[in-house]
Structures are given as C-alpha cells and as structure tokens.
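Q: So I've got this file, data33.cif, and it contains mmCIF, C-alpha atoms:
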```
data_protein
loop_
_atom_site.group_PDB
_atom_site.id
_atom_site.type_symbol
_atom_site.label_atom_id
_atom_site.label_comp_id
_atom_site.auth_asym_id
_atom_site.auth_seq_id
_atom_site.Cartn_x
_atom_site.Cartn_y
_atom_site.Cartn_z
ATOM 1 C CA MET A 1 115.120 84.837 97.431
ATOM 2 C CA THR A 2 113.498 88.267 97.678
ATOM 3 C CA ASN A 3 109.784 88.877 97.312
ATOM 4 C CA LEU A 4 110.324 90.388 93.870
ATOM 5 C CA GLN A 5 112.198 87.302 92.684
ATOM 6 C CA ARG A 6 109.517 85.029 94.124
ATOM 7 C CA TRP A 7 106.686 86.904 92.397
ATOM 8 C CA LEU A 8 108.593 87.007 89.117
ATOM 9 C CA LEU A 9 109.084 83.253 89.390
ATOM 10 C CA TYR A 10 105.342 82.776 89.945
ATOM 11 C CA LEU A 11 104.603 85.042 86.991
ATOM 12 C CA VAL A 12 106.928 83.070 84.702
ATOM 13 C CA LEU A 13 105.495 79.763 85.945
ATOM 14 C CA PHE A 14 102.030 81.045 85.016
ATOM 15 C CA LEU A 15 102.850 82.786 81.726
ATOM 16 C CA VAL A 16 104.954 80.107 80.035
ATOM 17 C CA PRO A 17 102.281 77.381 80.047
ATOM 18 C CA TYR A 18 99.551 79.967 79.498
ATOM 19 C CA PHE A 19 101.066 81.300 76.283
ATOM 20 C CA GLY A 20 102.062 77.786 75.245
ATOM 21 C CA ILE A 21 98.436 76.704 75.445
ATOM 22 C CA LEU A 22 97.129 79.836 73.703
ATOM 23 C CA ALA A 23 99.656 79.475 70.883
ATOM 24 C CA LYS A 24 98.629 75.804 70.642
ATOM 25 C CA ALA A 25 102.209 74.699 71.192
ATOM 26 C CA ILE A 26 100.991 72.576 74.095
ATOM 27 C CA LYS A 27 98.245 70.266 72.894
ATOM 28 C CA THR A 28 96.295 68.086 75.248
ATOM 29 C CA GLN A 29 93.013 66.284 74.966
ATOM 30 C CA GLY A 30 90.001 68.556 75.510
ATOM 31 C CA MET A 31 92.007 71.782 75.319
ATOM 32 C CA GLU A 32 89.646 73.210 72.687
ATOM 33 C CA ASN A 33 86.872 73.357 75.307
ATOM 34 C CA LEU A 34 89.069 75.310 77.718
ATOM 35 C CA LEU A 35 90.391 77.872 75.238
ATOM 36 C CA LEU A 36 87.780 80.573 76.011
ATOM 37 C CA PRO A 37 88.152 80.350 79.819
ATOM 38 C CA LEU A 38 91.930 80.494 79.398
ATOM 39 C CA GLN A 39 91.627 83.598 77.248
ATOM 40 C CA LEU A 40 89.468 85.255 79.908
ATOM 41 C CA ALA A 41 91.742 84.227 82.811
ATOM 42 C CA PRO A 42 93.903 87.410 82.798
ATOM 43 C CA TYR A 43 90.811 89.608 83.015
ATOM 44 C CA VAL A 44 89.436 87.553 85.885
ATOM 45 C CA LEU A 45 92.793 87.738 87.685
ATOM 46 C CA VAL A 46 93.012 91.525 87.257
ATOM 47 C CA ILE A 47 89.462 91.967 88.562
ATOM 48 C CA ALA A 48 90.172 89.650 91.505
ATOM 49 C CA PHE A 49 93.339 91.563 92.340
ATOM 50 C CA GLY A 50 91.441 94.869 92.174
ATOM 51 C CA LEU A 51 88.747 93.564 94.514
ATOM 52 C CA TYR A 52 91.397 92.250 96.897
ATOM 53 C CA ALA A 53 93.235 95.594 96.873
ATOM 54 C CA ALA A 54 90.030 97.582 97.424
ATOM 55 C CA GLY A 55 88.965 95.257 100.224
ATOM 56 C CA THR A 56 92.340 95.545 101.923
ATOM 57 C CA VAL A 57 92.315 99.336 101.751
ATOM 58 C CA LEU A 58 88.747 99.539 103.065
ATOM 59 C CA TYR A 59 89.411 97.067 105.878
ATOM 60 C CA ARG A 60 92.528 98.888 107.031
ATOM 61 C CA THR A 61 90.738 102.235 106.794
ATOM 62 C CA PHE A 62 87.816 101.071 108.920
ATOM 63 C CA THR A 63 90.039 99.409 111.526
ATOM 64 C CA PHE A 64 92.468 102.341 111.810
ATOM 65 C CA ASN A 65 93.209 103.032 115.480
ATOM 66 C CA ASP A 66 92.860 106.490 116.985
ATOM 67 C CA CYS A 67 95.614 107.634 119.295
ATOM 68 C CA PRO A 68 94.144 110.204 121.710
ATOM 69 C CA ALA A 69 97.371 110.405 123.715
ATOM 70 C CA ALA A 70 99.398 111.200 120.586
ATOM 71 C CA ALA A 71 96.788 113.757 119.478
ATOM 72 C CA LYS A 72 96.954 115.462 122.890
ATOM 73 C CA GLU A 73 100.754 115.501 122.764
ATOM 74 C CA LEU A 74 100.692 117.023 119.268
ATOM 75 C CA GLN A 75 98.217 119.707 120.383
ATOM 76 C CA ASP A 76 100.511 120.527 123.321
ATOM 77 C CA HIS A 77 103.478 120.880 120.954
ATOM 78 C CA ILE A 78 101.457 123.167 118.670
ATOM 79 C CA HIS A 79 100.342 125.307 121.609
ATOM 80 C CA GLU A 80 103.928 125.517 122.900
ATOM 81 C CA ALA A 81 105.237 126.487 119.434
ATOM 82 C CA ARG A 82 102.544 129.187 119.117
ATOM 83 C CA LYS A 83 103.518 130.663 122.484
ATOM 84 C CA ASP A 84 107.183 130.636 121.467
ATOM 85 C CA LEU A 85 106.451 132.352 118.157
ATOM 86 C CA LEU A 86 104.224 134.952 119.839
ATOM 87 C CA SER A 87 106.994 135.741 122.301
ATOM 88 C CA LYS A 88 109.321 136.376 119.346
ATOM 89 C CA GLY A 89 106.877 138.798 117.706
ATOM 90 C CA PHE A 90 105.142 136.589 115.152
ATOM 91 C CA ILE A 91 101.551 137.625 114.388
ATOM 92 C CA PHE A 92 99.021 134.904 113.478
ATOM 93 C CA ARG A 93 96.099 135.645 111.113
ATOM 94 C CA ASP A 94 93.540 133.363 112.801
#
```
Using structure tokens, write down the structure that the file contains.
A:
Amino acid sequence: MTNLQRWLLYLVLFLVPYFGILAKAIKTQGMENLLLPLQLAPYVLVIAFGLYAAGTVLYRTFTFNDCPAAAKELQDHIHEARKDLLSKGFIFRD
C-alpha cells in the first residue's frame, strides 16, 4: 500500500462517519450536543495542519547545516571557470 492509498483510506474512514453524523443518518444518544464541535472539526484540522506545516518548515530552516567544505569547493570551481573564460577572451562586467 502506497502512502497515497494509506492517506486516502484514512480520509475515507474519517469522512464517511463524519458526513453520516452531519446528515443525521447515524443517530446516537447525545449526538445533538456534539453537532457544533463536529461542524467545526474540519476548520480545527486545517488550522492544526497549517501550524504543523509552518513549524516543520521553521524547524528545518533553523537547523539547516552549513557546509563550508562544499562552499569552498564551489568557490574554487567558480574561480577556475572564470580563469578559463578569461583565457578564451570573455570579458566580465564586474
């Protein structure tokens, strides 16, 4: 089962009872008291997902590793390419 299939299964397992309760096809004792929280549940889930996504992006941004060796290697490649282009007659506008 792929991740997409798993998440679609979870979505269906959430939506079928959810819409059944909202459409009052599923009736249980005390469901009238829970109707408002159930109606607000999608908004709460979207907000929670947004906070999770923002937190993940911020965490990974703040813990991003610098690679000084790779930066030095890239600068060496740039310097080498500039020398090669200058030897072939290219003029830079620095």
Q: What's the separation between atom CA of A:Val46 and atom CA of A:Ala25, in Å to one decimal place?
A: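 Between atom CA of A:Val46 and atom CA of A:Ala25 the gap works out to 25.0 Å.
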Q: Give me the residues within 12 Å of A:Ala41 as a PyMOL selection string, counting only C-alpha atoms and dropping any in the same chain fewer than 6 places off.
A: chain A and resi 14-15+18-19+22+34-35+47-48
Q: Find the distance between atom CA of A:Gly20 and atom CA of A:Leu36 and write it in Å to one decimal.
A: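 So the two atoms, atom CA of A:Gly20 and atom CA of A:Leu36, lie 14.6 Å apart.
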Q: Can you tell me how far atom CA of A:Val44 sits from atom CA of A:Tyr10, in Å to one decimal?
A: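 A separation of 17.1 Å between them.
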Q: List every protein, DNA or RNA residue with an atom no more than 12 Å from (101.0, 131.2, 111.7) in the file's coordinates, counting only C-alpha atoms, and format the result as an NGL selection string.
A: :A and (78-79 or 81-86 or 89-94)
Q: Convert the current residue selection to file output with C-alpha atoms, as a CSV table (one decimal), in the coordinates of the input.
A:
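Result went into again04.csv, see below:
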```
chain,number,residue,atom,x,y,z
A,78,ILE,CA,101.5,123.2,118.7
A,79,HIS,CA,100.3,125.3,121.6
A,81,ALA,CA,105.2,126.5,119.4
A,82,ARG,CA,102.5,129.2,119.1
A,83,LYS,CA,103.5,130.7,122.5
A,84,ASP,CA,107.2,130.6,121.5
A,85,LEU,CA,106.5,132.4,118.2
A,86,LEU,CA,104.2,135.0,119.8
A,89,GLY,CA,106.9,138.8,117.7
A,90,PHE,CA,105.1,136.6,115.2
A,91,ILE,CA,101.6,137.6,114.4
A,92,PHE,CA,99.0,134.9,113.5
A,93,ARG,CA,96.1,135.6,111.1
A,94,ASP,CA,93.5,133.4,112.8
```
Q: Which centre and edge lengths in Å to one decimal define the box along x, y and z that fits every listed atom of stretch 18-36 of chain A plus 6 Å per side, as AutoDock Vina command-line options?
A:
```
--center_x 94.5 --center_y 73.8 --center_z 75.1 --size_x 27.3 --size_y 27.0 --size_z 20.9
```
Q: Per residue of stretch 7-56 of chain A within 12 Å of stretch 61-74 of chain A, record the nearest atom pair and its distance in Å to one decimal, counting only C-alpha atoms, with rows in chain order and ascending residue number, as a tab-separated table.
A:
```
residue	atom	partner	partner_atom	distance
A:Ala54	CA	A:Thr61	CA	10.5
A:Gly55	CA	A:Thr61	CA	9.7
A:Thr56	CA	A:Thr61	CA	8.4
```
Q: Quick test: take stretch 14-43 of chain A, keep N, CA and C atoms, and write it as a tab-separated table (two decimals), in the first residue's frame.
A:
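Written output follows (result11.tsv):
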```tsv
chain	number	residue	atom	x	y	z
A	14	PHE	N	-12.46	8.79	7.86
A	14	PHE	CA	-12.90	9.97	8.61
A	14	PHE	C	-14.17	10.56	8.01
A	15	LEU	N	-14.22	10.68	6.69
A	15	LEU	CA	-15.32	11.41	6.05
A	15	LEU	C	-16.65	10.66	6.06
A	16	VAL	N	-16.62	9.35	5.92
A	16	VAL	CA	-17.88	8.60	5.88
A	16	VAL	C	-18.67	8.75	7.17
A	17	PRO	N	-18.08	8.47	8.34
A	17	PRO	CA	-18.86	8.68	9.56
A	17	PRO	C	-19.16	10.16	9.83
A	18	TYR	N	-18.23	11.02	9.44
A	18	TYR	CA	-18.42	12.45	9.67
A	18	TYR	C	-19.67	12.95	8.94
A	19	PHE	N	-19.75	12.66	7.65
A	19	PHE	CA	-20.92	13.11	6.90
A	19	PHE	C	-22.18	12.34	7.30
A	20	GLY	N	-22.03	11.11	7.72
A	20	GLY	CA	-23.18	10.36	8.23
A	20	GLY	C	-23.76	11.00	9.47
A	21	ILE	N	-22.91	11.48	10.34
A	21	ILE	CA	-23.38	12.14	11.56
A	21	ILE	C	-23.99	13.50	11.24
A	22	LEU	N	-23.32	14.26	10.34
A	22	LEU	CA	-23.85	15.59	10.00
A	22	LEU	C	-25.18	15.50	9.26
A	23	ALA	N	-25.36	14.48	8.45
A	23	ALA	CA	-26.61	14.31	7.71
A	23	ALA	C	-27.67	13.63	8.58
A	24	LYS	N	-27.30	13.33	9.82
A	24	LYS	CA	-28.18	12.68	10.79
A	24	LYS	C	-28.65	11.30	10.32
A	25	ALA	N	-27.80	10.66	9.50
A	25	ALA	CA	-28.08	9.28	9.11
A	25	ALA	C	-27.64	8.33	10.21
A	26	ILE	N	-26.62	8.75	10.95
A	26	ILE	CA	-26.16	7.98	12.11
A	26	ILE	C	-26.66	8.70	13.35
A	27	LYS	N	-27.53	8.06	14.08
A	27	LYS	CA	-28.11	8.70	15.27
A	27	LYS	C	-27.71	7.92	16.51
A	28	THR	N	-27.07	8.62	17.41
A	28	THR	CA	-26.72	8.01	18.68
A	28	THR	C	-27.17	8.94	19.80
A	29	GLN	N	-27.16	8.42	20.99
A	29	GLN	CA	-27.63	9.21	22.13
A	29	GLN	C	-26.63	10.33	22.43
A	30	GLY	N	-27.12	11.53	22.59
A	30	GLY	CA	-26.28	12.68	22.92
A	30	GLY	C	-25.58	13.31	21.73
A	31	MET	N	-25.94	12.91	20.51
A	31	MET	CA	-25.28	13.45	19.33
A	31	MET	C	-25.64	14.91	19.09
A	32	GLU	N	-26.79	15.35	19.57
A	32	GLU	CA	-27.20	16.75	19.40
A	32	GLU	C	-26.21	17.70	20.08
A	33	ASN	N	-25.65	17.26	21.22
A	33	ASN	CA	-24.70	18.11	21.94
A	33	ASN	C	-23.36	18.22	21.22
A	34	LEU	N	-23.03	17.22	20.40
A	34	LEU	CA	-21.75	17.22	19.72
A	34	LEU	C	-21.81	17.73	18.29
A	35	LEU	N	-22.97	18.21	17.85
A	35	LEU	CA	-23.12	18.63	16.46
A	35	LEU	C	-22.26	19.85	16.14
A	36	LEU	N	-22.22	20.86	17.01
A	36	LEU	CA	-21.40	22.05	16.75
A	36	LEU	C	-19.91	21.71	16.72
A	37	PRO	N	-19.37	20.99	17.71
A	37	PRO	CA	-17.94	20.64	17.60
A	37	PRO	C	-17.61	19.82	16.35
A	38	LEU	N	-18.53	18.96	15.93
A	38	LEU	CA	-18.29	18.19	14.71
A	38	LEU	C	-18.29	19.07	13.47
A	39	GLN	N	-19.13	20.10	13.48
A	39	GLN	CA	-19.15	21.01	12.35
A	39	GLN	C	-17.88	21.86	12.29
A	40	LEU	N	-17.28	22.13	13.43
A	40	LEU	CA	-16.06	22.93	13.47
A	40	LEU	C	-14.79	22.09	13.31
A	41	ALA	N	-14.91	20.78	13.35
A	41	ALA	CA	-13.75	19.89	13.27
A	41	ALA	C	-12.89	20.10	12.02
A	42	PRO	N	-13.46	20.26	10.83
A	42	PRO	CA	-12.60	20.47	9.65
A	42	PRO	C	-11.77	21.74	9.76
A	43	TYR	N	-12.34	22.80	10.30
A	43	TYR	CA	-11.58	24.04	10.46
A	43	TYR	C	-10.43	23.86	11.44
```
